[in-house]
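For reference, entry_22.pdb (PDB, C-alpha atoms):
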ATOM      1  CA  MET C  22     -17.694  18.139   9.529  1.00  0.00           C
ATOM      2  CA  LEU C  23     -18.226  21.629  10.910  1.00  0.00           C
ATOM      3  CA  ILE C  24     -21.613  22.589  12.278  1.00  0.00           C
ATOM      4  CA  ASN C  25     -21.858  26.029  13.919  1.00  0.00           C
ATOM      5  CA  ASP C  26     -18.050  26.216  14.145  1.00  0.00           C
ATOM      6  CA  ARG C  27     -17.882  22.896  16.013  1.00  0.00           C
ATOM      7  CA  HIS C  28     -16.655  19.548  14.764  1.00  0.00           C
ATOM      8  CA  ALA C  29     -19.438  17.024  14.549  1.00  0.00           C
ATOM      9  CA  PRO C  30     -18.873  13.399  13.552  1.00  0.00           C
ATOM     10  CA  LEU C  31     -20.824  12.174  10.580  1.00  0.00           C
ATOM     11  CA  GLU C  32     -21.439   8.883  12.354  1.00  0.00           C
ATOM     12  CA  PRO C  33     -20.175   7.244  15.541  1.00  0.00           C
ATOM     13  CA  ALA C  34     -16.656   5.836  15.403  1.00  0.00           C
ATOM     14  CA  ASP C  35     -16.655   2.088  14.766  1.00  0.00           C
ATOM     15  CA  PRO C  36     -13.292   0.427  15.529  1.00  0.00           C
ATOM     16  CA  THR C  37     -14.127  -2.590  13.373  1.00  0.00           C
ATOM     17  CA  THR C  38     -14.941  -0.444  10.337  1.00  0.00           C
ATOM     18  CA  ILE C  39     -11.896   1.762  10.876  1.00  0.00           C
ATOM     19  CA  SER C  40      -9.593  -1.264  11.212  1.00  0.00           C
ATOM     20  CA  TYR C  41     -11.087  -2.908   8.141  1.00  0.00           C
ATOM     21  CA  ALA C  42     -10.683   0.252   6.054  1.00  0.00           C
ATOM     22  CA  LEU C  43      -7.102   0.745   7.218  1.00  0.00           C
ATOM     23  CA  LEU C  44      -6.105  -2.843   6.438  1.00  0.00           C
ATOM     24  CA  ARG C  45      -7.851  -2.815   3.053  1.00  0.00           C
ATOM     25  CA  HIS C  46      -6.105   0.398   2.040  1.00  0.00           C
ATOM     26  CA  LEU C  47      -2.765  -0.880   3.288  1.00  0.00           C
ATOM     27  CA  GLY C  48      -3.310  -4.009   1.210  1.00  0.00           C
ATOM     28  CA  PHE C  49      -4.166  -1.946  -1.872  1.00  0.00           C
ATOM     29  CA  MET C  50      -1.047   0.207  -1.367  1.00  0.00           C
ATOM     30  CA  LEU C  51       1.268  -2.780  -0.906  1.00  0.00           C
ATOM     31  CA  ASP C  52      -0.247  -4.475  -3.960  1.00  0.00           C
ATOM     32  CA  GLU C  53       0.297  -1.394  -6.110  1.00  0.00           C
ATOM     33  CA  LEU C  54       3.804  -0.825  -4.746  1.00  0.00           C
ATOM     34  CA  SER C  55       4.737  -4.451  -5.392  1.00  0.00           C
ATOM     35  CA  ALA C  56       3.569  -4.035  -8.997  1.00  0.00           C
ATOM     36  CA  GLN C  57       6.013  -1.116  -9.223  1.00  0.00           C
ATOM     37  CA  GLY C  58       8.963  -3.100  -7.843  1.00  0.00           C
ATOM     38  CA  LEU C  59       8.635  -3.202  -4.055  1.00  0.00           C
ATOM     39  CA  ARG C  60       9.908  -6.494  -2.627  1.00  0.00           C
ATOM     40  CA  VAL C  61       9.050  -7.496   0.955  1.00  0.00           C
ATOM     41  CA  TRP C  62      10.507 -10.506   2.826  1.00  0.00           C
ATOM     42  CA  GLN C  63      11.508 -11.793   6.250  1.00  0.00           C
ATOM     43  CA  ASP C  64      15.184 -12.014   7.170  1.00  0.00           C
ATOM     44  CA  LYS C  65      16.764 -14.766   9.290  1.00  0.00           C
ATOM     45  CA  GLY C  66      15.740 -12.927  12.459  1.00  0.00           C
ATOM     46  CA  GLN C  67      12.073 -12.945  11.300  1.00  0.00           C
ATOM     47  CA  ARG C  68      12.164  -9.160  10.745  1.00  0.00           C
ATOM     48  CA  TRP C  69      10.364  -7.787   7.717  1.00  0.00           C
ATOM     49  CA  CYS C  70      12.557  -6.065   5.135  1.00  0.00           C
ATOM     50  CA  TRP C  71      11.882  -4.247   1.884  1.00  0.00           C
ATOM     51  CA  ALA C  72      13.780  -3.189  -1.240  1.00  0.00           C
ATOM     52  CA  TRP C  73      12.983  -1.563  -4.557  1.00  0.00           C
ATOM     53  CA  ALA C  74      13.795  -3.779  -7.544  1.00  0.00           C
ATOM     54  CA  GLU C  75      16.468  -2.433  -9.892  1.00  0.00           C
ATOM     55  CA  THR C  76      17.595   0.200  -7.334  1.00  0.00           C
ATOM     56  CA  ALA C  77      19.853   0.476  -4.297  1.00  0.00           C
ATOM     57  CA  LEU C  78      16.919   1.559  -2.102  1.00  0.00           C
ATOM     58  CA  HIS C  79      16.317  -0.903   0.744  1.00  0.00           C
ATOM     59  CA  SER C  80      15.310  -1.047   4.386  1.00  0.00           C
ATOM     60  CA  GLU C  81      17.893  -0.335   7.015  1.00  0.00           C
ATOM     61  CA  ARG C  82      15.685  -0.656  10.107  1.00  0.00           C
ATOM     62  CA  GLY C  83      13.201  -3.398   9.321  1.00  0.00           C
ATOM     63  CA  PHE C  84       9.605  -3.274   8.227  1.00  0.00           C
ATOM     64  CA  TRP C  85       8.525  -0.465  10.554  1.00  0.00           C
ATOM     65  CA  SER C  86      10.395   1.737   8.125  1.00  0.00           C
ATOM     66  CA  ILE C  87       8.026   0.827   5.278  1.00  0.00           C
ATOM     67  CA  GLY C  88       7.134   4.520   5.306  1.00  0.00           C
ATOM     68  CA  GLU C  89      10.610   5.112   3.904  1.00  0.00           C
ATOM     69  CA  ALA C  90       9.756   2.848   0.982  1.00  0.00           C
ATOM     70  CA  ILE C  91       6.594   4.779   0.227  1.00  0.00           C
ATOM     71  CA  VAL C  92       8.299   8.156   0.513  1.00  0.00           C
ATOM     72  CA  ASP C  93      11.236   6.948  -1.580  1.00  0.00           C
ATOM     73  CA  ALA C  94       8.824   5.614  -4.171  1.00  0.00           C
ATOM     74  CA  VAL C  95       6.956   8.808  -4.740  1.00  0.00           C
ATOM     75  CA  VAL C  96       9.573  11.444  -3.987  1.00  0.00           C
ATOM     76  CA  THR C  97      12.605   9.778  -5.550  1.00  0.00           C
ATOM     77  CA  ARG C  98      10.830   8.316  -8.551  1.00  0.00           C
ATOM     78  CA  PHE C  99       8.427  11.210  -9.171  1.00  0.00           C
ATOM     79  CA  PRO C 100      10.163  14.341  -7.831  1.00  0.00           C
ATOM     80  CA  VAL C 101       8.244  16.770 -10.044  1.00  0.00           C
ATOM     81  CA  ALA C 102       4.997  15.826  -8.290  1.00  0.00           C
ATOM     82  CA  PHE C 103       6.447  17.058  -4.993  1.00  0.00           C
ATOM     83  CA  ASP C 104       8.400  20.050  -6.232  1.00  0.00           C
ATOM     84  CA  THR C 105       6.739  22.926  -4.386  1.00  0.00           C
ATOM     85  CA  GLN C 106       9.238  25.476  -5.688  1.00  0.00           C
ATOM     86  CA  GLU C 107       7.726  25.279  -9.178  1.00  0.00           C
ATOM     87  CA  ARG C 108       4.177  26.010  -8.012  1.00  0.00           C
TER      88      ARG C 108
END
Re-express the file's structure as structure tokens.
Amino acid sequence: MLINDRHAPLEPADPTTISYALLRHLGFMLDELSAQGLRVWQDKGQRWCWAWAETALHSERGFWSIGEAIVDAVVTRFPVAFDTQER
């Protein structure tokens, strides 16, 4: 929030609240993505992997690349939503 051209926090930072909100939102995102075909599992080396059902999209670098799954989901499956040339 800006007050007199300076950033002012609305309330003090609370690591517990921030962590809780982050984990809850991550859970909501993974739940929604799994409903749309995201599969997540552990391989033999105990690394997390992901793949999109009915597609060739899958992880190549383990679970840390889950961002790829999210980007692939929205950009590949819904390209018009991210087409800035049309706007």
**Asked** What is the distance between CA of His46 (chain C) and CA of Gly58 (chain C), in Å to one decimal?
**Response**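 Distance between the two atoms: 18.4 Å.
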Return as lines of an AutoDock Vina configuration file the centre and edge lengths, in Å with one decimal, of the box along x, y and z that encloses every atom of region 55-63 of chain C in the file, padded by 3 Å per side.
center_x = 7.5
center_y = -6.5
center_z = -1.5
size_x = 13.9
size_y = 16.7
size_z = 21.5
**Request:** Let me know the residues the PyMOL selection byres ((chain C and resi 80) around 6) catches in the file above, as a ChimeraX atom specification.
**Result:** /C:70-71,79,81-83
**Request:** Apply the PyMOL selection byres ((chain C and resi 60) around 7) to the structure shown and report the selected residues as a VMD selection string.
**Result:** chain C and resid 55 58 to 59 61 to 62 71 to 74
**Request:** Select, from C:Ser40, C:Gln57, C:Arg45, C:Leu51, the residue with the minimum atom-to-atom distance to Glu75 (chain C), counting only C-alpha atoms.
**Result:**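 With only C-alpha atoms as the atom set, the closest residue is C:Gln57.
Taking CA of Leu43 (chain C) and CA of Trp69 (chain C) as endpoints, the distance between them is 19.4 Å.
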**CA of Ala77 (chain C) to CA of Leu54 (chain C), distance in Å rounded to a single decimal** =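 That distance, rounded to one decimal, is 16.1 Å.
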Region 27-73 of chain C written out with N, CA and C atoms as a JSON list (two decimals), in the first residue's frame:
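Output file part_37.json is given in full below:
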[["chain", "number", "residue", "atom", "x", "y", "z"],
["C", 27, "ARG", "N", 5.28, 6.23, -0.23],
["C", 27, "ARG", "CA", 6.11, 5.21, 0.42],
["C", 27, "ARG", "C", 5.28, 3.96, 0.62],
["C", 28, "HIS", "N", 5.94, 2.81, 0.50],
["C", 28, "HIS", "CA", 5.25, 1.55, 0.74],
["C", 28, "HIS", "C", 5.07, 1.34, 2.23],
["C", 29, "ALA", "N", 3.87, 1.04, 2.61],
["C", 29, "ALA", "CA", 3.57, 0.78, 4.02],
["C", 29, "ALA", "C", 2.83, -0.55, 4.11],
["C", 30, "PRO", "N", 3.30, -1.46, 4.94],
["C", 30, "PRO", "CA", 2.60, -2.74, 5.07],
["C", 30, "PRO", "C", 1.24, -2.56, 5.72],
["C", 31, "LEU", "N", 0.30, -3.36, 5.28],
["C", 31, "LEU", "CA", -1.03, -3.30, 5.88],
["C", 31, "LEU", "C", -1.02, -3.87, 7.28],
["C", 32, "GLU", "N", -0.20, -4.88, 7.50],
["C", 32, "GLU", "CA", -0.03, -5.48, 8.81],
["C", 32, "GLU", "C", 1.35, -6.11, 8.85],
["C", 33, "PRO", "N", 1.88, -6.38, 10.02],
["C", 33, "PRO", "CA", 3.22, -6.97, 10.10],
["C", 33, "PRO", "C", 3.25, -8.34, 9.44],
["C", 34, "ALA", "N", 4.39, -8.65, 8.83],
["C", 34, "ALA", "CA", 4.55, -9.96, 8.19],
["C", 34, "ALA", "C", 4.50, -11.06, 9.25],
["C", 35, "ASP", "N", 3.76, -12.11, 8.96],
["C", 35, "ASP", "CA", 3.64, -13.24, 9.88],
["C", 35, "ASP", "C", 4.03, -14.50, 9.11],
["C", 36, "PRO", "N", 5.21, -15.05, 9.35],
["C", 36, "PRO", "CA", 5.68, -16.21, 8.60],
["C", 36, "PRO", "C", 4.71, -17.39, 8.64],
["C", 37, "THR", "N", 4.05, -17.60, 9.76],
["C", 37, "THR", "CA", 3.11, -18.71, 9.87],
["C", 37, "THR", "C", 1.93, -18.51, 8.94],
["C", 38, "THR", "N", 1.38, -17.30, 8.91],
["C", 38, "THR", "CA", 0.24, -16.99, 8.05],
["C", 38, "THR", "C", 0.65, -17.07, 6.58],
["C", 39, "ILE", "N", 1.82, -16.53, 6.26],
["C", 39, "ILE", "CA", 2.30, -16.57, 4.88],
["C", 39, "ILE", "C", 2.49, -18.01, 4.42],
["C", 40, "SER", "N", 3.13, -18.83, 5.25],
["C", 40, "SER", "CA", 3.35, -20.24, 4.91],
["C", 40, "SER", "C", 2.04, -20.98, 4.73],
["C", 41, "TYR", "N", 1.10, -20.75, 5.64],
["C", 41, "TYR", "CA", -0.20, -21.39, 5.56],
["C", 41, "TYR", "C", -0.90, -21.02, 4.25],
["C", 42, "ALA", "N", -0.91, -19.72, 3.94],
["C", 42, "ALA", "CA", -1.58, -19.27, 2.71],
["C", 42, "ALA", "C", -0.92, -19.87, 1.48],
["C", 43, "LEU", "N", 0.40, -19.89, 1.45],
["C", 43, "LEU", "CA", 1.12, -20.46, 0.31],
["C", 43, "LEU", "C", 0.78, -21.95, 0.14],
["C", 44, "LEU", "N", 0.83, -22.70, 1.22],
["C", 44, "LEU", "CA", 0.54, -24.14, 1.12],
["C", 44, "LEU", "C", -0.92, -24.41, 0.76],
["C", 45, "ARG", "N", -1.84, -23.63, 1.30],
["C", 45, "ARG", "CA", -3.25, -23.80, 0.94],
["C", 45, "ARG", "C", -3.48, -23.53, -0.54],
["C", 46, "HIS", "N", -2.89, -22.45, -1.05],
["C", 46, "HIS", "CA", -3.07, -22.13, -2.46],
["C", 46, "HIS", "C", -2.39, -23.15, -3.35],
["C", 47, "LEU", "N", -1.23, -23.63, -2.95],
["C", 47, "LEU", "CA", -0.57, -24.69, -3.71],
["C", 47, "LEU", "C", -1.45, -25.94, -3.74],
["C", 48, "GLY", "N", -2.03, -26.27, -2.62],
["C", 48, "GLY", "CA", -2.95, -27.41, -2.56],
["C", 48, "GLY", "C", -4.15, -27.23, -3.48],
["C", 49, "PHE", "N", -4.74, -26.04, -3.45],
["C", 49, "PHE", "CA", -5.88, -25.75, -4.33],
["C", 49, "PHE", "C", -5.48, -25.88, -5.80],
["C", 50, "MET", "N", -4.29, -25.34, -6.15],
["C", 50, "MET", "CA", -3.83, -25.41, -7.54],
["C", 50, "MET", "C", -3.60, -26.86, -7.97],
["C", 51, "LEU", "N", -2.91, -27.64, -7.13],
["C", 51, "LEU", "CA", -2.65, -29.03, -7.49],
["C", 51, "LEU", "C", -3.95, -29.83, -7.59],
["C", 52, "ASP", "N", -4.91, -29.54, -6.72],
["C", 52, "ASP", "CA", -6.20, -30.22, -6.79],
["C", 52, "ASP", "C", -6.91, -29.90, -8.10],
["C", 53, "GLU", "N", -6.94, -28.63, -8.47],
["C", 53, "GLU", "CA", -7.58, -28.24, -9.72],
["C", 53, "GLU", "C", -6.85, -28.83, -10.92],
["C", 54, "LEU", "N", -5.52, -28.77, -10.91],
["C", 54, "LEU", "CA", -4.74, -29.30, -12.02],
["C", 54, "LEU", "C", -4.91, -30.81, -12.14],
["C", 55, "SER", "N", -5.02, -31.50, -11.01],
["C", 55, "SER", "CA", -5.23, -32.95, -11.09],
["C", 55, "SER", "C", -6.60, -33.27, -11.67],
["C", 56, "ALA", "N", -7.58, -32.42, -11.40],
["C", 56, "ALA", "CA", -8.92, -32.62, -11.99],
["C", 56, "ALA", "C", -8.88, -32.41, -13.50],
["C", 57, "GLN", "N", -7.88, -31.66, -13.98],
["C", 57, "GLN", "CA", -7.75, -31.41, -15.41],
["C", 57, "GLN", "C", -6.75, -32.36, -16.09],
["C", 58, "GLY", "N", -6.22, -33.34, -15.34],
["C", 58, "GLY", "CA", -5.37, -34.35, -15.96],
["C", 58, "GLY", "C", -3.93, -34.38, -15.51],
["C", 59, "LEU", "N", -3.54, -33.59, -14.53],
["C", 59, "LEU", "CA", -2.17, -33.64, -14.04],
["C", 59, "LEU", "C", -1.99, -34.87, -13.16],
["C", 60, "ARG", "N", -0.98, -35.67, -13.48],
["C", 60, "ARG", "CA", -0.63, -36.83, -12.64],
["C", 60, "ARG", "C", 0.72, -36.55, -12.00],
["C", 61, "VAL", "N", 0.83, -36.84, -10.70],
["C", 61, "VAL", "CA", 2.07, -36.64, -9.95],
["C", 61, "VAL", "C", 2.40, -37.94, -9.24],
["C", 62, "TRP", "N", 3.69, -38.37, -9.29],
["C", 62, "TRP", "CA", 4.11, -39.61, -8.65],
["C", 62, "TRP", "C", 5.60, -39.55, -8.33],
["C", 63, "GLN", "N", 6.06, -40.52, -7.54],
["C", 63, "GLN", "CA", 7.48, -40.63, -7.25],
["C", 63, "GLN", "C", 8.08, -41.75, -8.09],
["C", 64, "ASP", "N", 9.27, -41.49, -8.67],
["C", 64, "ASP", "CA", 9.94, -42.52, -9.45],
["C", 64, "ASP", "C", 10.76, -43.42, -8.51],
["C", 65, "LYS", "N", 11.50, -44.35, -9.08],
["C", 65, "LYS", "CA", 12.28, -45.29, -8.26],
["C", 65, "LYS", "C", 13.35, -44.60, -7.43],
["C", 66, "GLY", "N", 13.81, -43.45, -7.87],
["C", 66, "GLY", "CA", 14.80, -42.68, -7.11],
["C", 66, "GLY", "C", 14.17, -41.74, -6.10],
["C", 67, "GLN", "N", 12.87, -41.87, -5.84],
["C", 67, "GLN", "CA", 12.12, -41.04, -4.90],
["C", 67, "GLN", "C", 12.01, -39.59, -5.35],
["C", 68, "ARG", "N", 12.20, -39.33, -6.64],
["C", 68, "ARG", "CA", 12.01, -37.98, -7.18],
["C", 68, "ARG", "C", 10.56, -37.85, -7.64],
["C", 69, "TRP", "N", 10.01, -36.66, -7.43],
["C", 69, "TRP", "CA", 8.64, -36.41, -7.87],
["C", 69, "TRP", "C", 8.63, -36.12, -9.36],
["C", 70, "CYS", "N", 7.66, -36.68, -10.05],
["C", 70, "CYS", "CA", 7.50, -36.50, -11.50],
["C", 70, "CYS", "C", 6.06, -36.09, -11.78],
["C", 71, "TRP", "N", 5.83, -35.54, -12.95],
["C", 71, "TRP", "CA", 4.47, -35.16, -13.34],
["C", 71, "TRP", "C", 4.28, -35.44, -14.82],
["C", 72, "ALA", "N", 3.03, -35.59, -15.22],
["C", 72, "ALA", "CA", 2.65, -35.75, -16.63],
["C", 72, "ALA", "C", 1.20, -35.32, -16.78],
["C", 73, "TRP", "N", 0.88, -34.86, -18.00],
["C", 73, "TRP", "CA", -0.50, -34.52, -18.32],
["C", 73, "TRP", "C", -1.14, -35.72, -19.00]]
